[in-house]
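Colleague: Structure below; questions to follow.
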There are 2 protein chains.
Amino acid sequence: MKEFWSKKIRDAEPYVPGEQPKDRKFIKLNTNENPYPPAQSVIAAIHAAADEKLRLYPDPECLDLRRAIARHTGLREEQVFCGNGSDEILAFAFQAFFDPNVPVSFADVTYSFYEVWAKYLDLSVNLIPLNDDFSLPLERFLEEPKGGIVIANPNAPTGQALAAGEVKRVVEAHPDQVVIVDEAYVDFGAESMARYIDTYPNLLVVQTASKSRSLAGLRVGWAMGNENLMAALRCVRDSVNSYTVDRLAAAGTAAALDNEEYFEKTCAAIAATRDKTRQRLLDSGFAVLPSKANFLFVSHPGVPGKALFQGLRERGVLARWFDKSRIRDHLRITVGTDEEMDALVAALTETVKTLK
Amino acid sequence: MKEFWSKKIRDAEPYVPGEQPKDRKFIKLNTNENPYPPAQSVIAAIHAAADEKLRLYPDPECLDLRRAIARHTGLREEQVFCGNGSDEILAFAFQAFFDPNVPVSFADVTYSFYEVWAKYLDLSVNLIPLNDDFSLPLERFLEEPKGGIVIANPNAPTGQALAAGEVKRVVEAHPDQVVIVDEAYVDFGAESMARYIDTYPNLLVVQTASKSRSLAGLRVGWAMGNENLMAALRCVRDSVNSYTVDRLAAAGTAAALDNEEYFEKTCAAIAATRDKTRQRLLDSGFAVLPSKANFLFVSHPGVPGKALFQGLRERGVLARWFDKSRIRDHLRITVGTDEEMDALVAALTETVKTLK
C-alpha cells in the first residue's frame, strides 16, 4: 500500500538478512556466526556492567572500548571509531566519503549491502566483475576507479582474500579517494591493513565483534583510520544518532578484545575445521573455493544451488543461498563445530545422492 | 581539514549531546536521565540473556520485545517497531515519511535534533514559533502545515504538554500527512496517543526506554503506528542497518516493561519531586514553567542563563544550557532524587545571591 511513504523509500531495495529461525531447531550455518560462545571473562564483564549505571547514557565516544581496540591493534584511540555493528559503520562511511556524482567501485560479487547503501544514498556504482575463478581482478581495481573503493577482504560470499601487499597497491593507486577495506572476516586467516593506518590517510579499515569475537548478539563494529576520517564518521553519527553503542555492548566487546588467548584458540579451531571440511567436500565431488574466512563457498557440478539449499534445509541444516546471477549455483556455508560439519557433510552428500 | 569528506557532511551541523562527565563527580542533571536504577528484575533478565546465545545475531524484528510493548500498551505486535534509541527511530521516520519538496513543521523551541535531521536529509522546514509563554500555538499547527508534522509531547526543553484531545485535532486536521508525536517524556504526567493508533493511519507515536524506564545505558526506543507505517520504518532500517537492537538491550527493556509496579512507583516519585522543587524555586524568585516531564525549565529575572549554568557547574551541579535565541536565559534541569534537588536549590540560590 505504501501510503505516506516518502519517494526515497518507495524506491528502496532493502537488504534481506539471513533467516533467524525461531521455532524449529536447525544447525545454523547461514549467517557466519561463531560456533563458540564468548569467553567467560566477557560474560563476567557484562554482568558487572549490568549491575551499575544502566540508568545513565553511555559514553557516546566509547573511550574505554576504543582504548581496548587501540591496545589490541597498536593504534592510538584517536584512530578508532565505534558503532552499532560494522553495518552501521559502513553505512556511515558511505555517507561520509562518497559523493553522488562520482561512482563508487566494488566487486560484482561481494557483500550485498554495499549495493543497497549505494542505491539508498543515490550514489552511482562502478561494479567490477570478479574473475571467472571469483578472484579479485587487481589490475582493474588499480586502473578503473574514479571515486571511492570498497573491498571486502576476505571477500564474501567467496572467502577469497588479497594479500596486504595487493590491498596496499589499491590504496596507493588512489591517493585522492577513500578505500574502505571491510575486514569482517580477517581474523580467520587474512592479513589486516590496520597496521598501515599511519601510512595512508585514505585508508579506512572496518572490523566487527560479530564473527571472530563471538558477539553477533551485541552489535559492535569499529573503523580504524586517521583522525580526519574518524572526525567525518563522528559528524555523520551526530547527524543521525549520537549514542549508538550501549554500555553492555561496549563492556563485553572490550573484555573480548582483552582476552587474546581465547580469541586465538577459537579462530584457530575454526580455521582447522574449515580446511578439513573443505578437503572432505572436495573428496566428495563438490567444488569449494579456498577460504580465509569462517565460511565455505560450495557448489556441485550438475546440482542447482537452490536444490542444495533446500536439501540441506529439509535435513535440518541452514545455509545461505543468494538468488543472483553468477552465484546462483553456490551456497555460502558457515564453519561450525566439527560435529556440525560432520552433519553438514552428511546432509550435503545425501542431498546430492537424491538429486542426481 | 575535511579532506576526503563528502559534500553532504562538509555542510552538516551535527547535534551536540549533553556532557557525559568522566572524571569529576557531578550531580548530573543535564541529560534527563532517571535518578533511580532499573528494577532488579531488569538486571536479572540481562544476566540471564548474557549467559546464552550472545554468539548469535539478535532477532532483527525484536519480536519478544514488541510483544512486551504490545502487552503494555494494548496494541498488537504488528503496530510496534523497535530501534537503537528513539533517536534512531525518529531519524528513520524522517526518512520514511518526509519528502524534500514539502516542508516539515515543528516548533521553533523543541528537541534540537529535529532540525539536525531535517537539514541532514535536505528537508525544508516550517518552524512554528511557540507562544510567548512557551505554549504550543495549536491553531497554527492546525492551519499552517502542508507536509509532515513533529510534536514533542511533553515538549523539550520546556516541559509543557498538550492534552490528548489537542494532539488529536492536529492529527485529524492533516489526514494526508504523517504526524509524529515524540513521547520521550510522556510517562511523567502527559497523555499518550498510543491508544489512538487504530483510529488514525497517519499517527506515529515514538517512545523510549531511556527516561521513565531508567535504561538510557541500553539504547532502546520504539514506534507505534499502523502496519503500513511500521513497514516503512522496516524498509529504512533494512536499507541502513538490519540488526540495531542487541540481545541484552531487548531482554532488559522487555523486563522493564513487564514490571509495571516499579515503573509507576519511580515515575510518581519523580513527578512528586518535580512539583515540590518547582514550588521551592518559585518561592525563591525563579521563573519555572509548569512541567509534565522529568525536567524543569528555569530562569531568574536579571540573571543570564549562562551565568546560572556556570554557577551551578562551579558548585558541582550539571544542568543543560542552550545557546539559542529565546531560551538563552533558561536552564533545562533534570529532576533527580529529593537529595539532589536539595543540592540544586541551594546551588541555584547561592549562584543568584553571588551574581545579583
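Each chain in the C-alpha cells gets a letter, A, B, ..., in the order shown, and its residues are numbered from 1; ligands are numbered from 1 in order too.
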Hey, what's within 9 Å of Leu229 (chain B) if we count only C-alpha atoms and toss same-chain stuff fewer than 4 positions away? As a list in words, please?
Modeller: Lys2, Glu3, Phe4 and Trp5 of chain A; Gln79, Ala93, Ala96, Phe97, Val178, Pro201, Asn202, Leu203, Leu204, Met224, Gly225, Leu233 and Arg234 of chain B
Colleague: Please provide as a VMD selection string all residues within 8 Å of region 322-333 of chain B, with the sequence filter that same-chain residues fewer than 3 positions apart are discarded (counting only C-alpha atoms).
Modeller: chain B and resid 29 to 30 32 109 157 to 158 295 to 300 303 to 306 308 to 309 319
Colleague: May I have the residues from that selection written out with all heavy atoms, as a CSV table (one decimal), in the first residue's frame?
Modeller:
chain,number,residue,atom,x,y,z
B,29,LEU,N,22.4,16.6,36.2
B,29,LEU,CA,21.0,16.9,35.9
B,29,LEU,C,20.9,17.5,34.5
B,29,LEU,O,20.1,18.4,34.2
B,29,LEU,CB,20.5,17.9,36.9
B,29,LEU,CG,20.6,17.5,38.4
B,29,LEU,CD1,20.2,18.6,39.3
B,29,LEU,CD2,19.8,16.2,38.7
B,30,ASN,N,21.8,17.0,33.5
B,30,ASN,CA,21.9,17.7,32.2
B,30,ASN,C,21.3,16.8,31.1
B,30,ASN,O,21.3,17.4,29.9
B,30,ASN,CB,23.3,18.1,32.0
B,30,ASN,CG,24.2,16.9,31.8
B,30,ASN,OD1,24.0,15.8,32.3
B,30,ASN,ND2,25.3,17.0,31.0
B,32,ASN,N,18.6,14.4,31.4
B,32,ASN,CA,17.2,13.9,31.7
B,32,ASN,C,17.2,12.4,31.9
B,32,ASN,O,16.3,11.7,31.5
B,32,ASN,CB,16.2,14.2,30.5
B,32,ASN,CG,16.0,15.7,30.4
B,32,ASN,OD1,16.3,16.4,31.4
B,32,ASN,ND2,15.5,16.2,29.3
B,109,VAL,N,11.1,26.1,19.3
B,109,VAL,CA,11.7,25.7,20.5
B,109,VAL,C,11.2,24.3,20.8
B,109,VAL,O,10.1,24.1,21.3
B,109,VAL,CB,11.4,26.6,21.7
B,109,VAL,CG1,12.0,26.1,23.0
B,109,VAL,CG2,11.9,28.0,21.5
B,157,PRO,N,12.8,21.8,25.5
B,157,PRO,CA,13.1,21.7,26.9
B,157,PRO,C,12.1,22.4,27.8
B,157,PRO,O,12.4,22.6,29.0
B,157,PRO,CB,14.5,22.5,26.9
B,157,PRO,CG,14.3,23.5,25.8
B,157,PRO,CD,13.5,22.9,24.8
B,158,THR,N,10.9,22.7,27.3
B,158,THR,CA,10.0,23.5,28.1
B,158,THR,C,9.2,22.7,29.2
B,158,THR,O,8.8,23.2,30.2
B,158,THR,CB,9.0,24.2,27.2
B,158,THR,OG1,8.2,23.2,26.6
B,158,THR,CG2,9.7,25.1,26.2
B,295,PHE,N,11.9,17.1,33.9
B,295,PHE,CA,12.9,18.2,33.9
B,295,PHE,C,12.1,19.5,34.2
B,295,PHE,O,10.9,19.5,34.0
B,295,PHE,CB,13.7,18.3,32.7
B,295,PHE,CG,12.9,18.4,31.4
B,295,PHE,CD1,12.4,19.5,31.0
B,295,PHE,CD2,12.7,17.2,30.7
B,295,PHE,CE1,11.6,19.6,29.8
B,295,PHE,CE2,12.0,17.2,29.5
B,295,PHE,CZ,11.4,18.4,29.1
B,296,LEU,N,12.8,20.5,34.6
B,296,LEU,CA,12.2,21.8,34.8
B,296,LEU,C,12.9,22.9,33.9
B,296,LEU,O,14.1,22.7,33.7
B,296,LEU,CB,12.3,22.2,36.3
B,296,LEU,CG,11.5,21.4,37.3
B,296,LEU,CD1,11.9,21.7,38.7
B,296,LEU,CD2,10.0,21.7,37.1
B,297,PHE,N,12.2,23.8,33.5
B,297,PHE,CA,12.7,24.9,32.6
B,297,PHE,C,12.7,26.2,33.4
B,297,PHE,O,11.7,26.7,33.8
B,297,PHE,CB,11.8,25.0,31.4
B,297,PHE,CG,12.4,25.7,30.2
B,297,PHE,CD1,13.7,25.3,29.7
B,297,PHE,CD2,11.7,26.8,29.6
B,297,PHE,CE1,14.2,26.0,28.6
B,297,PHE,CE2,12.3,27.4,28.5
B,297,PHE,CZ,13.5,27.0,28.0
B,298,VAL,N,13.9,26.6,33.8
B,298,VAL,CA,14.1,27.5,34.9
B,298,VAL,C,14.9,28.8,34.4
B,298,VAL,O,15.8,28.7,33.7
B,298,VAL,CB,15.0,26.9,36.0
B,298,VAL,CG1,15.2,27.8,37.2
B,298,VAL,CG2,14.3,25.6,36.5
B,299,SER,N,14.4,29.9,34.9
B,299,SER,CA,15.1,31.2,34.7
B,299,SER,C,15.0,32.1,35.9
B,299,SER,O,14.2,31.8,36.8
B,299,SER,CB,14.6,31.9,33.4
B,299,SER,OG,13.3,32.3,33.6
B,300,HIS,N,15.8,33.1,35.9
B,300,HIS,CA,15.7,34.1,37.0
B,300,HIS,C,15.8,35.5,36.4
B,300,HIS,O,16.6,35.8,35.6
B,300,HIS,CB,16.9,33.9,38.0
B,300,HIS,CG,16.6,34.6,39.3
B,300,HIS,ND1,16.8,35.9,39.5
B,300,HIS,CD2,16.2,34.1,40.5
B,300,HIS,CE1,16.5,36.3,40.7
B,300,HIS,NE2,16.1,35.2,41.4
B,303,VAL,N,19.3,37.5,35.8
B,303,VAL,CA,20.5,36.7,35.7
B,303,VAL,C,20.5,35.9,34.4
B,303,VAL,O,19.6,35.1,34.2
B,303,VAL,CB,20.6,35.7,36.9
B,303,VAL,CG1,21.9,34.9,36.9
B,303,VAL,CG2,20.4,36.5,38.3
B,304,PRO,N,21.6,36.1,33.6
B,304,PRO,CA,21.6,35.4,32.3
B,304,PRO,C,21.7,33.9,32.5
B,304,PRO,O,22.4,33.4,33.5
B,304,PRO,CB,22.9,35.9,31.7
B,304,PRO,CG,23.3,37.1,32.5
B,304,PRO,CD,22.7,37.0,33.8
B,305,GLY,N,21.2,33.1,31.6
B,305,GLY,CA,21.2,31.7,31.7
B,305,GLY,C,22.6,31.1,31.8
B,305,GLY,O,22.9,30.1,32.5
B,306,LYS,N,23.5,31.7,31.0
B,306,LYS,CA,24.9,31.2,31.0
B,306,LYS,C,25.5,31.3,32.4
B,306,LYS,O,26.2,30.4,32.8
B,306,LYS,CB,25.7,31.9,30.0
B,306,LYS,CG,27.0,31.3,29.7
B,306,LYS,CD,27.8,31.9,28.6
B,306,LYS,CE,29.1,31.2,28.3
B,306,LYS,NZ,29.8,31.8,27.1
B,308,LEU,N,23.9,31.3,35.3
B,308,LEU,CA,23.2,30.3,36.1
B,308,LEU,C,23.9,28.9,35.9
B,308,LEU,O,24.3,28.2,36.8
B,308,LEU,CB,21.8,30.2,35.8
B,308,LEU,CG,20.8,31.3,36.2
B,308,LEU,CD1,19.4,31.0,35.8
B,308,LEU,CD2,20.8,31.4,37.8
B,309,PHE,N,24.1,28.6,34.6
B,309,PHE,CA,24.7,27.4,34.2
B,309,PHE,C,26.1,27.2,34.8
B,309,PHE,O,26.5,26.2,35.5
B,309,PHE,CB,24.8,27.3,32.7
B,309,PHE,CG,25.7,26.1,32.2
B,309,PHE,CD1,25.2,24.8,32.2
B,309,PHE,CD2,27.0,26.3,31.7
B,309,PHE,CE1,25.9,23.7,31.7
B,309,PHE,CE2,27.7,25.2,31.3
B,309,PHE,CZ,27.2,24.0,31.3
B,319,ALA,N,23.7,21.2,34.6
B,319,ALA,CA,22.4,21.4,34.0
B,319,ALA,C,22.6,21.6,32.5
B,319,ALA,O,23.7,21.6,32.1
B,319,ALA,CB,21.6,22.6,34.6
Colleague: What's around region 238-253 of chain A at 7 Å? Count only C-alpha atoms, leave out sequence neighbours fewer than 3 positions away in its own chain, and write the answer as a ChimeraX atom specification.
Modeller: /A:42-43,45-46,49-50,58,60,65,83-84,209,218-220,234-235,256-257 /B:14-15,84,87-88,91,116-117,120,217-219
Colleague: Write down as a short mmCIF file (atom, residue, chain, number, x, y, z; two decimals) with N, CA, C and O atoms, in the first residue's frame the residues of region 142-305 of chain B whose backbone DSSP state falls under strand (DSSP E or B).
Modeller:
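The new file result.cif reads:
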data_model
loop_
_atom_site.label_atom_id
_atom_site.label_comp_id
_atom_site.auth_asym_id
_atom_site.auth_seq_id
_atom_site.Cartn_x
_atom_site.Cartn_y
_atom_site.Cartn_z
N ILE B 149 4.46 16.62 10.26
CA ILE B 149 4.46 17.41 11.49
C ILE B 149 5.16 16.59 12.59
O ILE B 149 4.96 15.37 12.67
N VAL B 150 5.95 17.27 13.40
CA VAL B 150 6.57 16.61 14.54
C VAL B 150 6.26 17.41 15.79
O VAL B 150 6.51 18.62 15.83
N ILE B 151 5.69 16.74 16.78
CA ILE B 151 5.37 17.40 18.04
C ILE B 151 5.97 16.57 19.17
O ILE B 151 5.70 15.36 19.27
N ALA B 152 6.80 17.19 20.00
CA ALA B 152 7.27 16.53 21.22
C ALA B 152 6.24 16.81 22.30
O ALA B 152 5.94 17.97 22.58
N VAL B 179 1.87 12.53 11.25
CA VAL B 179 2.13 13.35 12.42
C VAL B 179 2.91 12.49 13.41
O VAL B 179 2.42 11.45 13.87
N ILE B 180 4.15 12.89 13.68
CA ILE B 180 5.00 12.17 14.64
C ILE B 180 4.81 12.82 16.01
O ILE B 180 5.03 14.03 16.16
N VAL B 181 4.39 12.03 16.98
CA VAL B 181 4.30 12.53 18.35
C VAL B 181 5.43 11.86 19.15
O VAL B 181 5.43 10.65 19.35
N ASP B 182 6.40 12.67 19.53
CA ASP B 182 7.58 12.19 20.24
C ASP B 182 7.26 12.21 21.73
O ASP B 182 7.24 13.26 22.36
N LEU B 203 -0.86 8.54 12.26
CA LEU B 203 -0.28 8.85 13.58
C LEU B 203 0.89 7.93 13.88
O LEU B 203 0.75 6.70 13.85
N LEU B 204 2.04 8.52 14.18
CA LEU B 204 3.20 7.74 14.62
C LEU B 204 3.61 8.23 16.01
O LEU B 204 3.93 9.40 16.19
N VAL B 205 3.58 7.33 16.97
CA VAL B 205 3.95 7.66 18.35
C VAL B 205 5.30 7.03 18.66
O VAL B 205 5.52 5.85 18.38
N VAL B 206 6.22 7.83 19.22
CA VAL B 206 7.57 7.34 19.50
C VAL B 206 7.86 7.44 20.98
O VAL B 206 7.61 8.49 21.60
N GLN B 207 8.33 6.35 21.57
CA GLN B 207 8.69 6.34 22.99
C GLN B 207 10.08 5.75 23.18
O GLN B 207 10.69 5.24 22.24
N THR B 208 10.57 5.82 24.40
CA THR B 208 11.95 5.40 24.69
C THR B 208 12.04 4.71 26.05
O THR B 208 11.26 5.02 26.95
N GLY B 221 14.42 2.33 21.77
CA GLY B 221 13.22 3.13 21.58
C GLY B 221 12.25 2.35 20.72
O GLY B 221 12.60 1.30 20.18
N TRP B 222 11.00 2.84 20.65
CA TRP B 222 10.05 2.14 19.78
C TRP B 222 9.03 3.11 19.19
O TRP B 222 8.76 4.17 19.76
N ALA B 223 8.55 2.73 18.02
CA ALA B 223 7.49 3.49 17.37
C ALA B 223 6.23 2.65 17.43
O ALA B 223 6.27 1.42 17.42
N MET B 224 5.09 3.35 17.48
CA MET B 224 3.80 2.69 17.42
C MET B 224 2.99 3.38 16.32
O MET B 224 2.92 4.61 16.26
N ALA B 287 11.66 31.86 37.87
CA ALA B 287 10.53 31.56 36.99
C ALA B 287 10.69 30.11 36.54
O ALA B 287 11.76 29.70 36.09
N VAL B 288 9.64 29.31 36.71
CA VAL B 288 9.71 27.89 36.35
C VAL B 288 8.40 27.52 35.66
O VAL B 288 7.32 27.65 36.25
N PHE B 295 11.95 17.09 33.86
CA PHE B 295 12.88 18.21 33.95
C PHE B 295 12.09 19.49 34.17
O PHE B 295 10.86 19.52 33.97
N LEU B 296 12.80 20.52 34.59
CA LEU B 296 12.20 21.84 34.80
C LEU B 296 12.93 22.85 33.94
O LEU B 296 14.14 22.74 33.71
N PHE B 297 12.16 23.84 33.48
CA PHE B 297 12.71 24.88 32.60
C PHE B 297 12.72 26.16 33.44
O PHE B 297 11.67 26.72 33.76
N VAL B 298 13.93 26.58 33.80
CA VAL B 298 14.12 27.53 34.89
C VAL B 298 14.85 28.79 34.43
O VAL B 298 15.81 28.70 33.65
N SER B 299 14.40 29.94 34.92
CA SER B 299 15.15 31.18 34.68
C SER B 299 15.02 32.07 35.91
O SER B 299 14.24 31.78 36.82
N HIS B 300 15.81 33.13 35.92
CA HIS B 300 15.71 34.09 37.02
C HIS B 300 15.77 35.49 36.44
O HIS B 300 16.65 35.78 35.63
N VAL B 303 19.25 37.48 35.77
CA VAL B 303 20.49 36.69 35.74
C VAL B 303 20.54 35.90 34.43
O VAL B 303 19.63 35.11 34.16
#
Colleague: Give the answer as one residue: which of B:Val317, B:Leu90, B:Ala347, B:Ala254 has the shortest atom-to-atom distance to Arg24 (chain B), using only C-alpha atoms?
Modeller: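 Once distances to Arg24 (chain B) are computed over only C-alpha atoms, the minimum belongs to B:Val317.
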Colleague: Would you kindly return, as a list in words, each protein, DNA or RNA residue with an atom no farther than 12 Å from any atom of Arg169 (chain A), considering only C-alpha atoms and excluding same-chain residues fewer than 6 positions away?
Modeller: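 Counting only C-alpha atoms, the residues come to Leu138, Glu139, Arg140, Phe141, Leu142, Glu143, Leu162, Ala163, Pro175, Val179, Met193, Tyr200 and Leu203 of chain A.
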Colleague: Would you save the residues of that selection, restricted to N, CA and C atoms, as a PDB file, in the first residue's frame?
Modeller:
ATOM      1  N   LEU A 138      42.734  -7.534  -9.720  1.00  0.00           N
ATOM      2  CA  LEU A 138      43.502  -6.448  -9.097  1.00  0.00           C
ATOM      3  C   LEU A 138      43.801  -5.313 -10.074  1.00  0.00           C
ATOM      4  N   GLU A 139      44.194  -5.661 -11.294  1.00  0.00           N
ATOM      5  CA  GLU A 139      44.566  -4.606 -12.247  1.00  0.00           C
ATOM      6  C   GLU A 139      43.393  -3.659 -12.500  1.00  0.00           C
ATOM      7  N   ARG A 140      42.205  -4.216 -12.583  1.00  0.00           N
ATOM      8  CA  ARG A 140      41.047  -3.347 -12.829  1.00  0.00           C
ATOM      9  C   ARG A 140      40.790  -2.430 -11.638  1.00  0.00           C
ATOM     10  N   PHE A 141      41.016  -2.946 -10.413  1.00  0.00           N
ATOM     11  CA  PHE A 141      40.863  -2.083  -9.233  1.00  0.00           C
ATOM     12  C   PHE A 141      41.963  -1.013  -9.182  1.00  0.00           C
ATOM     13  N   LEU A 142      43.095  -1.285  -9.807  1.00  0.00           N
ATOM     14  CA  LEU A 142      44.157  -0.273  -9.839  1.00  0.00           C
ATOM     15  C   LEU A 142      43.840   0.806 -10.865  1.00  0.00           C
ATOM     16  N   GLU A 143      43.197   0.405 -11.968  1.00  0.00           N
ATOM     17  CA  GLU A 143      43.046   1.336 -13.086  1.00  0.00           C
ATOM     18  C   GLU A 143      41.693   2.037 -13.170  1.00  0.00           C
ATOM     19  N   LEU A 162      42.814 -11.084  -0.545  1.00  0.00           N
ATOM     20  CA  LEU A 162      44.000 -10.469  -1.129  1.00  0.00           C
ATOM     21  C   LEU A 162      45.094 -10.439  -0.071  1.00  0.00           C
ATOM     22  N   ALA A 163      46.350 -10.470  -0.506  1.00  0.00           N
ATOM     23  CA  ALA A 163      47.459 -10.230   0.426  1.00  0.00           C
ATOM     24  C   ALA A 163      47.502  -8.739   0.746  1.00  0.00           C
ATOM     25  N   PRO A 175      45.261   7.791  -4.237  1.00  0.00           N
ATOM     26  CA  PRO A 175      45.536   8.584  -3.026  1.00  0.00           C
ATOM     27  C   PRO A 175      44.492   9.655  -2.737  1.00  0.00           C
ATOM     28  N   VAL A 179      39.612   4.428   0.426  1.00  0.00           N
ATOM     29  CA  VAL A 179      39.482   2.999   0.161  1.00  0.00           C
ATOM     30  C   VAL A 179      39.023   2.334   1.467  1.00  0.00           C
ATOM     31  N   MET A 193      44.844  -4.683   7.372  1.00  0.00           N
ATOM     32  CA  MET A 193      45.505  -3.456   6.942  1.00  0.00           C
ATOM     33  C   MET A 193      45.649  -2.451   8.081  1.00  0.00           C
ATOM     34  N   TYR A 200      48.683   5.611   5.327  1.00  0.00           N
ATOM     35  CA  TYR A 200      47.758   6.026   4.267  1.00  0.00           C
ATOM     36  C   TYR A 200      46.586   6.831   4.826  1.00  0.00           C
ATOM     37  N   LEU A 203      42.992   5.419   3.893  1.00  0.00           N
ATOM     38  CA  LEU A 203      42.645   4.026   4.202  1.00  0.00           C
ATOM     39  C   LEU A 203      41.689   3.958   5.392  1.00  0.00           C
TER      40      LEU A 203
END
Colleague: Between B:Val16, B:Ile128, B:Ile27, B:Ala39, which is the closest to Glu339 (chain B) once you count only C-alpha atoms?
Modeller: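 Among the listed residues, B:Ile27 lies closest to Glu339 (chain B).
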